[in-house]
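Asker: Got a structure for you, questions after.
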Number of protein chains: 2
Amino acid sequence: MARDDNRKAAATLHDVAREAGVSLATASRSLNGSTRKVNEDYRARVLAAAARLNYAPNLQAQAVAKGRTSTVGIVVSDITDPYFAQIAGGIISAAERGGLIATIAVTGRDPEREIQIISALRGQRPSGIVLVGSRLADAAMTARLAEQLREFEAEGGHPVLLSQRGLPFDTIAFDNEAGARSLALALAALGYDRAVVLAGPEGLLTASERAQGFIDGFAAAGHPAESITVVHCAFTRDGGFDAMGDVLESGHEPALVFAVNDVMAVGAMARLRQAGLEPGRDVAVAGFDDIETLRDVDPGLTTVRLPLVQGGVTAVDLIVHPASEQSLVLLPGEVVVRASTPGVGAAAAAAALAAEALTA
Amino acid sequence: MARDDNRKAAATLHDVAREAGVSLATASRSLNGSTRKVNEDYRARVLAAAARLNYAPNLQAQAVAKGRTSTVGIVVSDITDPYFAQIAGGIISAAERGGLIATIAVTGRDPEREIQIISALRGQRPSGIVLVGSRLADAAMTARLAEQLREFEAEGGHPVLLSQRGLPFDTIAFDNEAGARSLALALAALGYDRAVVLAGPEGLLTASERAQGFIDGFAAAGHPAESITVVHCAFTRDGGFDAMGDVLESGHEPALVFAVNDVMAVGAMARLRQAGLEPGRDVAVAGFDDIETLRDVDPGLTTVRLPLVQGGVTAVDLIVHPASEQSLVLLPGEVVVRASTPGVGAAAAAAALAAEALTA
DNA sequence: TTGGTGTGGAAAAACGATTTCGTTGTCGCG
DNA sequence: CGCGACAACGAAATCGTTTTTCCACACCAA
């Protein structure tokens with residue numbers, strides 16, 4: 001049979017009211033929370049009628065009547081990237097817990113598209129928008145984006161920036177700089193005194209914060225800037241892979257490679273293996289993020305664990321319970337040392353000894 | 001300053017019309033497609049006014065007026081699982097290309113919650129719902145779910161099932177059985193004649209299809225059912241890890257382990273290492289899905305590549321261009337042999353030789 | 001000039017909810 | 001018995017759109 005037969009319109013509140021023999025207003029009041037009370041008999045009648053008709057309130061109509069929706073818009077660069085997936089997971093589950101519907105859009109890392117998306121999202125009149133991902137150091141673009149967000153805010157919406165600082169809105173950021181600095185200190189303590197930094201694209205704030213933090217940490221440990229070689233590349237697995245290739249082809253075989261995110265680190269490890277070098281033995285590798293899916297790579301990847309899910313949850317919190325003033329939440333990372341950076345020389349021996357003691 | 005100062009309501013179509021000095025109808029007709037034509041001068045005036053006021057049409061109101069939205073609802077078990085993330089990525093990008101907004105909800109693998117979500121989603125009046133994830137072999141639950149989906153369809157919505165067969169709606173499925181069978185044949189050709197199957201939870205269709213396909217393939221290669229040990233476990237990384245642990249603790253050290261998805265396979269590999277066994281050398285391991293993020297694990301994981309993104313894209317296609325009859329799309333997988341299953345004995349030597357020839 | 005036709009614009013009626021406000025009914029108290 | 005207070009119901013206004021209806025006008029052919 002063809003499929004648009006026996007199409008029946010969805011039951012409306014009107015239908016429910018008629019079925020229950022009450023007025024529209026009463027039906028509305030009994031079905032959806034209202035400040036006013038309604039007689040228990042009536043409420044029961046309405047609920048029964050609604051169940052009988054399989055009634056589901058038309059959210060769009062509710063939204064028009066109330067002037068606002070219970071939706072939160074999520075904007076990410078790429079949902080297949082586990083970094084964004086984990087953050088989005090936190091946002092979605094927190095939203096559902098708070099009775100909000102999550103809407104999601106992906107920018108593909110295109111700032112122009114990002115602005116379009118925000119503009120389109122405004123039409124949805126969501127109660128909040130969570131914009132996650134890094135900002136490029138492009139002043140003109142940033143200004144246009146800020147303009148859209150300001151407009152959204154003026155209309156009563158609540159924009160939250162996640163993992164990107166510097167715009168005048170509620171912001172949740174991971175402390176990339178401090179995390180990278182701690183990581184550098186930890187690695188220096190393991191005896192590393194030179195490093196190659198796969199630094200991601202120039203102008204991408206998240207990436208440059210991490211690179212800079214690492215350089216600072218190394219400096220604090222007494223290693224001058226010259227001990228570090230910075231290589232720029234895409235912020236992706238392939239970026240790490242290719243950049244590692246460039247380094248190797250330049251004849252350089254580094255003792256330590258720091259990739260500014262885990263996905264890049266994995267790419268770099270793959271490239272090392274392709275060159276016959278074993279990560280963790282011939283070349284130490286460290287990453288950033290502590291992506292869950294990558295916790296089982298071998299050798300275990302030294303990295304900085306970020307509370308990604310918590311970041312998402314906090315963002316929704318800010319939307320549901322807005323503070324009276326603009327807030328900035330800075331979430332710290334935590335260094336996790338694993339087998340990919342075993343250490344060198346005396347420091348390595350000491351570290352191994354400590355590990356031994358720990359297991360015993 | 002406190003933040004709800006100078007809140008100005010969003011510009012409405014009414015405002016635009018007044019600003020442009022035309023009627024509401026004219027404004028509507030010039031901004032959104034309509035059958036009737038409008039004078040070019042007027043249209044220009046309206047467009048200019050809209051831009052000036054930074055007008056974004058209220059989608060809820062449009063939806064109420066038109067009786068339908070241009071939204072597609074996505075329902076997944078867990079967005080942080082890369083399997084779902086990749087599918088969702090395909091859906092979202094295809095939706096955006098088609099001018100649809102994507103809404104997303106996660107069930108956390110709870111069938112009860114899944115039904116709730118569908119019901120709530122109906123209230124959004126989306127043009128389509130893509131339900132991705134496996135069905136449990138629970139007849140009562142399935143019937144209730146089908147009831148909700150039927151209702152949604154009757155209201156003019158378009159439900160699509162992705163990666164789960166057997167319900168009377170448009171369906172896109174991956175050919176788990178054939179994929180697993182091919183994998184088993186390939187592994188048998190490599191000389192493996194016994195295997196442990198980490199089979200996921202009992203009653204989860206995707207998992208059991210893969211397990212059964214593998215058993216069939218092994219049988220087709222001449223190895224009887226007794227050559228396979230089936231162990232049930234959760235469909236997650238930890239499930240694979242724990243099940244592998246159980247196997248090892250039972251004193252069994254298998255030559256080949258087939259985990260019914262990649263994430264489980266990675267868990268199993270981690271557990272093997274913990275027991276001092278090197279995957280790919282001491283124990284061969286195979287997975288299923290060919291998750292992108294896991295393509296760089298070492299040793300490379302033998303698996304079956306599924307066109308996950310394409311599955312998502314196809315689902316949206318079915319929503320945008322509905323066929324007149326119910327359709328079933330079966331997407332095939334492709335066996336990818338990597339270093340985690342090097343082969344045994346003469347077969348291994350032959351395989352290595354062939355590989356050699358290929359590189360030369 | 002007249003009648004038909006095609007095109008554009010203004011006004012009003014949906015759409016499906018919420019919410020305001022007026023009406024009715026009940027109860028307690030003197 | 002009458003009055004006021006209070007609770008709860010229902011009619012109608014409202015939200016921001018689309019869509020229909022109807023009117024005005026220009027153009028064309030006879």
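If you're wondering about the labels, chains in the structure tokens are A, B, ... by order shown, residues count from 1 in each chain, ligands from 1 in order shown.
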Please, which residues of chain C lie no more than 7 Å from chain A when the count uses only C-alpha atoms (C1' of nucleotides), and can they be set out as a PDB file with N, CA and C atoms (P, O5', C5', C4', C3', O3' and C1' of nucleotides), in the first residue's frame?
Answerer:
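As written to disk, part_16.pdb reads:
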```
ATOM      1  P    DG C  16      -3.488  22.625  14.460  1.00  0.00           P
ATOM      2  O5'  DG C  16      -2.885  22.852  15.910  1.00  0.00           O
ATOM      3  C5'  DG C  16      -1.498  22.699  16.106  1.00  0.00           C
ATOM      4  C4'  DG C  16      -1.128  23.308  17.429  1.00  0.00           C
ATOM      5  C3'  DG C  16      -1.963  22.815  18.613  1.00  0.00           C
ATOM      6  O3'  DG C  16      -1.071  22.482  19.664  1.00  0.00           O
ATOM      7  C1'  DG C  16      -1.917  25.147  18.577  1.00  0.00           C
ATOM      8  P    DA C  17      -1.544  21.629  20.883  1.00  0.00           P
ATOM      9  O5'  DA C  17      -1.914  22.783  21.938  1.00  0.00           O
ATOM     10  C5'  DA C  17      -1.176  22.922  23.135  1.00  0.00           C
ATOM     11  C4'  DA C  17      -0.364  24.203  23.124  1.00  0.00           C
ATOM     12  C3'  DA C  17      -0.538  25.053  24.373  1.00  0.00           C
ATOM     13  O3'  DA C  17       0.501  24.722  25.274  1.00  0.00           O
ATOM     14  C1'  DA C  17      -0.729  26.375  22.389  1.00  0.00           C
ATOM     15  P    DT C  18       0.271  24.940  26.814  1.00  0.00           P
ATOM     16  O5'  DT C  18       0.293  26.524  26.941  1.00  0.00           O
ATOM     17  C5'  DT C  18       1.535  27.179  26.847  1.00  0.00           C
ATOM     18  C4'  DT C  18       1.328  28.658  27.054  1.00  0.00           C
ATOM     19  C3'  DT C  18       0.983  29.080  28.485  1.00  0.00           C
ATOM     20  O3'  DT C  18       1.726  30.251  28.753  1.00  0.00           O
ATOM     21  C1'  DT C  18      -0.670  29.884  27.011  1.00  0.00           C
TER      22       DT C  18
END
```
Asker: Counting only C-alpha atoms, which residues of chain A sit at most 7 Å from some atom of chain B, and what is each one's closest atom pair with its distance in Å to one decimal, listed by chain and rising residue number, as a tab-separated table?
Answerer:
```
residue	atom	partner	partner_atom	distance
A:Ala2	CA	B:Ser324	CA	5.8
A:Arg3	CA	B:Ser324	CA	6.4
A:Arg7	CA	B:Ala154	CA	4.8
A:Lys8	CA	B:Ala154	CA	5.6
A:Ala9	CA	B:Glu155	CA	5.1
A:Ala10	CA	B:Glu155	CA	5.2
A:Ala56	CA	B:Gly123	CA	5.1
A:Pro57	CA	B:Gly123	CA	5.3
A:Asn58	CA	B:Gly123	CA	4.7
A:Leu59	CA	B:Gln124	CA	5.3
A:Gln60	CA	B:Gln60	CA	4.7
A:Ala61	CA	B:Val64	CA	5.8
A:Ala63	CA	B:Gln60	CA	6.5
A:Val64	CA	B:Ala61	CA	5.9
A:Ile79	CA	B:Gly89	CA	5.8
A:Thr80	CA	B:Ala85	CA	5.1
A:Pro82	CA	B:Thr80	CA	6.7
A:Ala85	CA	B:Thr80	CA	5.1
A:Gln86	CA	B:Thr80	CA	5.2
A:Gly89	CA	B:Ile79	CA	5.8
A:Ile92	CA	B:Ala105	CA	7.0
A:Ala102	CA	B:Ile104	CA	5.7
A:Thr103	CA	B:Thr103	CA	4.1
A:Ile104	CA	B:Ala102	CA	5.7
A:Ala105	CA	B:Ala102	CA	6.9
A:Arg122	CA	B:Ala56	CA	6.6
A:Gly123	CA	B:Asn58	CA	4.9
A:Gln124	CA	B:Leu59	CA	5.4
A:Ala154	CA	B:Arg7	CA	4.8
A:Glu155	CA	B:Ala9	CA	5.1
A:Gly156	CA	B:Arg7	CA	6.5
A:Val266	CA	B:Asp296	CA	6.7
A:Ala270	CA	B:Asp296	CA	6.1
A:Asp296	CA	B:Ala270	CA	6.1
A:Val297	CA	B:Val297	CA	5.8
A:Asp298	CA	B:Asp298	CA	6.6
A:Ser324	CA	B:Ala2	CA	5.8
A:Glu325	CA	B:Ala2	CA	5.9
```
Asker: Contacts of Leu205 in chain B at 8 Å or less, counting only C-alpha atoms (C1' of nucleotides), minus same-chain residues fewer than 5 places along, as an mmCIF file with C-alpha atoms, in the first residue's frame?
Answerer:
```cif
data_model
loop_
_atom_site.group_PDB
_atom_site.id
_atom_site.type_symbol
_atom_site.label_atom_id
_atom_site.label_comp_id
_atom_site.auth_asym_id
_atom_site.auth_seq_id
_atom_site.Cartn_x
_atom_site.Cartn_y
_atom_site.Cartn_z
ATOM 1 C CA SER B 134 20.430 -1.889 17.894
ATOM 2 C CA ARG B 135 17.187 -3.414 18.906
ATOM 3 C CA LEU B 136 16.992 -5.752 21.832
ATOM 4 C CA ALA B 137 15.141 -8.977 21.331
ATOM 5 C CA GLN B 164 18.429 -2.276 13.071
#
```
Asker: Just list the residues in range 71-284 of chain A DSSP gives strand (DSSP E) on the backbone, as a PyMOL selection string.
Answerer: chain A and resi 71-76+101-106+128-132+158-162+170-174+195-198+228-231+256-259+284
Asker: How would the residues just picked look written out with C-alpha atoms as a compact mmCIF listing (two decimals), in the first residue's frame?
Answerer:
```txt
# COMPACT_ATOMS: atom_id res chain seq x y z
CA THR A 71 15.97 24.10 23.57
CA VAL A 72 19.70 24.42 23.76
CA GLY A 73 21.67 24.76 20.57
CA ILE A 74 25.07 23.10 20.34
CA VAL A 75 27.62 24.26 17.83
CA VAL A 76 30.71 22.12 17.34
CA ILE A 101 16.02 19.52 23.95
CA ALA A 102 19.41 19.61 22.29
CA THR A 103 19.86 20.81 18.77
CA ILE A 104 23.21 20.34 17.11
CA ALA A 105 25.05 21.89 14.20
CA VAL A 106 28.56 21.38 12.92
CA GLY A 128 20.78 28.91 25.16
CA ILE A 129 23.52 28.36 22.64
CA VAL A 130 26.72 26.56 23.53
CA LEU A 131 29.45 27.40 21.11
CA VAL A 132 32.27 24.96 21.53
CA HIS A 158 21.86 32.84 26.65
CA PRO A 159 25.10 32.29 24.75
CA VAL A 160 27.86 30.28 26.39
CA LEU A 161 31.34 29.90 24.99
CA LEU A 162 33.03 26.63 25.75
CA ASP A 170 29.70 33.52 29.77
CA THR A 171 32.72 31.37 29.18
CA ILE A 172 33.98 27.99 30.21
CA ALA A 173 37.56 27.33 29.32
CA PHE A 174 40.04 24.61 29.95
CA ALA A 195 61.49 18.71 22.43
CA VAL A 196 59.63 19.09 19.17
CA VAL A 197 56.21 20.69 19.51
CA LEU A 198 53.61 19.82 16.90
CA ILE A 228 62.31 23.52 21.48
CA THR A 229 61.45 23.20 17.81
CA VAL A 230 57.93 24.32 16.89
CA VAL A 231 56.22 22.86 13.82
CA LEU A 256 60.51 13.97 22.77
CA VAL A 257 57.52 15.06 20.71
CA PHE A 258 54.65 17.02 22.22
CA ALA A 259 51.54 17.15 20.06
CA ALA A 284 58.86 9.80 23.55
```
Asker: Considering only C-alpha atoms (C1' of nucleotides), extract the chain D residues located within 8 Å of chain B and return them as a VMD selection string.
Answerer: chain D and resid 16 to 18
Asker: I need the chosen residues saved as a short mmCIF file (atom, residue, chain, number, x, y, z; two decimals), in the first residue's frame, with C-alpha atoms (C1' of nucleotides).
Answerer:
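Generated file (again03.cif):
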```
data_model
loop_
_atom_site.label_atom_id
_atom_site.label_comp_id
_atom_site.auth_asym_id
_atom_site.auth_seq_id
_atom_site.Cartn_x
_atom_site.Cartn_y
_atom_site.Cartn_z
"C1'" DG D 16 4.53 35.28 15.02
"C1'" DT D 17 3.92 33.23 11.20
"C1'" DT D 18 1.49 31.46 6.66
#
```
Asker: Please compute the CA of Gly333 in chain A-CA of Asp289 in chain A distance, one decimal, in Å.
Answerer: 8.2 Å
Asker: Once DSSP has gone over the backbone, tell me which residues of range 5-129 of chain B are in alpha helix (DSSP H), as a CSV table (one decimal) with C-alpha atoms, in the first residue's frame.
Answerer:
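File produced: result.csv:
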```csv
chain,number,residue,atom,x,y,z
B,13,LEU,CA,7.9,40.0,10.5
B,14,HIS,CA,5.5,42.7,11.5
B,15,ASP,CA,8.4,45.0,12.3
B,16,VAL,CA,10.0,44.3,9.0
B,17,ALA,CA,6.9,45.0,7.1
B,18,ARG,CA,6.4,48.3,8.9
B,19,GLU,CA,10.0,49.3,8.4
B,20,ALA,CA,9.7,48.5,4.7
B,24,LEU,CA,2.6,41.6,6.3
B,25,ALA,CA,1.7,39.4,3.4
B,26,THR,CA,4.1,41.1,1.1
B,27,ALA,CA,6.9,40.8,3.6
B,28,SER,CA,6.2,37.1,4.1
B,29,ARG,CA,6.0,36.5,0.4
B,30,SER,CA,9.3,38.2,-0.3
B,31,LEU,CA,11.2,36.6,2.5
B,40,GLU,CA,11.1,43.4,-7.4
B,41,ASP,CA,11.3,46.9,-5.9
B,42,TYR,CA,9.2,45.8,-3.0
B,43,ARG,CA,11.1,42.6,-2.5
B,44,ALA,CA,14.3,44.6,-2.4
B,45,ARG,CA,12.8,47.0,0.1
B,46,VAL,CA,11.7,44.2,2.4
B,47,LEU,CA,15.1,42.4,2.2
B,48,ALA,CA,16.9,45.6,3.1
B,49,ALA,CA,14.6,46.2,6.0
B,50,ALA,CA,15.1,42.7,7.2
B,51,ALA,CA,18.9,43.0,7.1
B,52,ARG,CA,18.7,46.4,8.9
B,53,LEU,CA,16.7,44.9,11.7
B,59,LEU,CA,10.9,29.1,13.2
B,60,GLN,CA,8.4,28.0,15.8
B,61,ALA,CA,5.8,30.3,14.4
B,62,GLN,CA,6.6,29.2,10.9
B,63,ALA,CA,6.2,25.6,12.1
B,64,VAL,CA,2.9,26.3,13.7
B,65,ALA,CA,1.6,28.1,10.6
B,66,LYS,CA,2.8,25.5,8.2
B,82,PRO,CA,32.7,6.8,17.9
B,83,TYR,CA,30.4,4.4,16.1
B,84,PHE,CA,27.4,6.6,16.8
B,85,ALA,CA,29.4,9.8,16.5
B,86,GLN,CA,30.3,8.9,12.9
B,87,ILE,CA,26.8,8.0,12.0
B,88,ALA,CA,25.5,11.1,13.6
B,89,GLY,CA,28.1,13.1,11.7
B,90,GLY,CA,26.8,11.8,8.5
B,91,ILE,CA,23.2,12.5,9.4
B,92,ILE,CA,23.9,16.1,10.6
B,93,SER,CA,25.9,17.1,7.5
B,94,ALA,CA,23.4,15.6,5.1
B,95,ALA,CA,20.6,17.3,7.1
B,96,GLU,CA,22.3,20.7,6.9
B,97,ARG,CA,22.9,20.3,3.2
B,111,PRO,CA,14.8,1.0,25.9
B,112,GLU,CA,12.3,2.6,28.2
B,113,ARG,CA,14.0,5.9,27.8
B,114,GLU,CA,14.1,5.4,24.1
B,115,ILE,CA,10.3,5.2,24.0
B,116,GLN,CA,10.0,8.3,26.1
B,117,ILE,CA,12.3,10.1,23.8
B,118,ILE,CA,10.4,9.2,20.7
B,119,SER,CA,7.2,10.4,22.3
B,120,ALA,CA,8.7,13.7,23.3
B,121,LEU,CA,10.2,14.0,19.8
B,122,ARG,CA,6.8,13.6,18.3
B,123,GLY,CA,5.9,16.9,20.0
```
Asker: Need to verify the contact set: range 24-26 of chain D, 9 Å, only C-alpha atoms (C1' of nucleotides), exclusion of same-chain residues closer than 3 positions in sequence. Can you return it as a ChimeraX atom specification?
Answerer: /C:7-9
Asker: Only C-alpha atoms (C1' of nucleotides), please: the residues just picked out, written as a PDB file, in the first residue's frame.
Answerer:
```pdb
ATOM      1  C1'  DT C   7      -1.088  40.408 -10.984  1.00  0.00           C
ATOM      2  C1'  DG C   8      -0.200  42.623  -6.674  1.00  0.00           C
ATOM      3  C1'  DG C   9      -1.604  44.266  -2.055  1.00  0.00           C
TER       4       DG C   9
END
```
Asker: Could you check the closest approach to Leu100 in chain B for each of B:Ile319, B:Val329, B:Gly200, B:His232 and tell me which residue wins, using only C-alpha atoms?
Answerer: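 Using only C-alpha atoms, Leu100 in chain B sits closest to B:Ile319.
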Asker: Can you list, as a list of chain:residue names, every protein, DNA or RNA residue that comes within 12 Å of DC22 in chain D when you count only C-alpha atoms (C1' of nucleotides), leaving out same-chain residues fewer than 3 positions away?
Answerer: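 These residues fall inside the cut-off: C:DG9, C:DA10, C:DA11, C:DA12.
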Asker: For C-alpha atoms (C1' of nucleotides), I'd like the residues from the last selection saved as a short mmCIF file (atom, residue, chain, number, x, y, z; two decimals), in the first residue's frame.
Answerer:
```cif
data_model
loop_
_atom_site.label_atom_id
_atom_site.label_comp_id
_atom_site.auth_asym_id
_atom_site.auth_seq_id
_atom_site.Cartn_x
_atom_site.Cartn_y
_atom_site.Cartn_z
"C1'" DG C 9 -1.60 44.27 -2.05
"C1'" DA C 10 -4.36 44.65 2.26
"C1'" DA C 11 -7.05 42.35 5.64
"C1'" DA C 12 -8.37 38.44 8.09
#
```
Asker: How far is it from CA of Val304 in chain A to CA of Ala211 in chain A, in Å with one decimal?
Answerer: 12.9 Å
Asker: Between CA of Gly217 in chain B and CA of Ser182 in chain B, what is the distance in Å, rounded to a tenth?
Answerer: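 According to the coordinates, CA of Gly217 in chain B and CA of Ser182 in chain B are separated by 6.5 Å.
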Asker: Using only C-alpha atoms, can you tell me which of B:Glu253, B:Glu278, B:Asp262, B:Glu177 comes closest to Thr236 in chain B?
Answerer: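 Closest to Thr236 in chain B of all the choices is B:Asp262.
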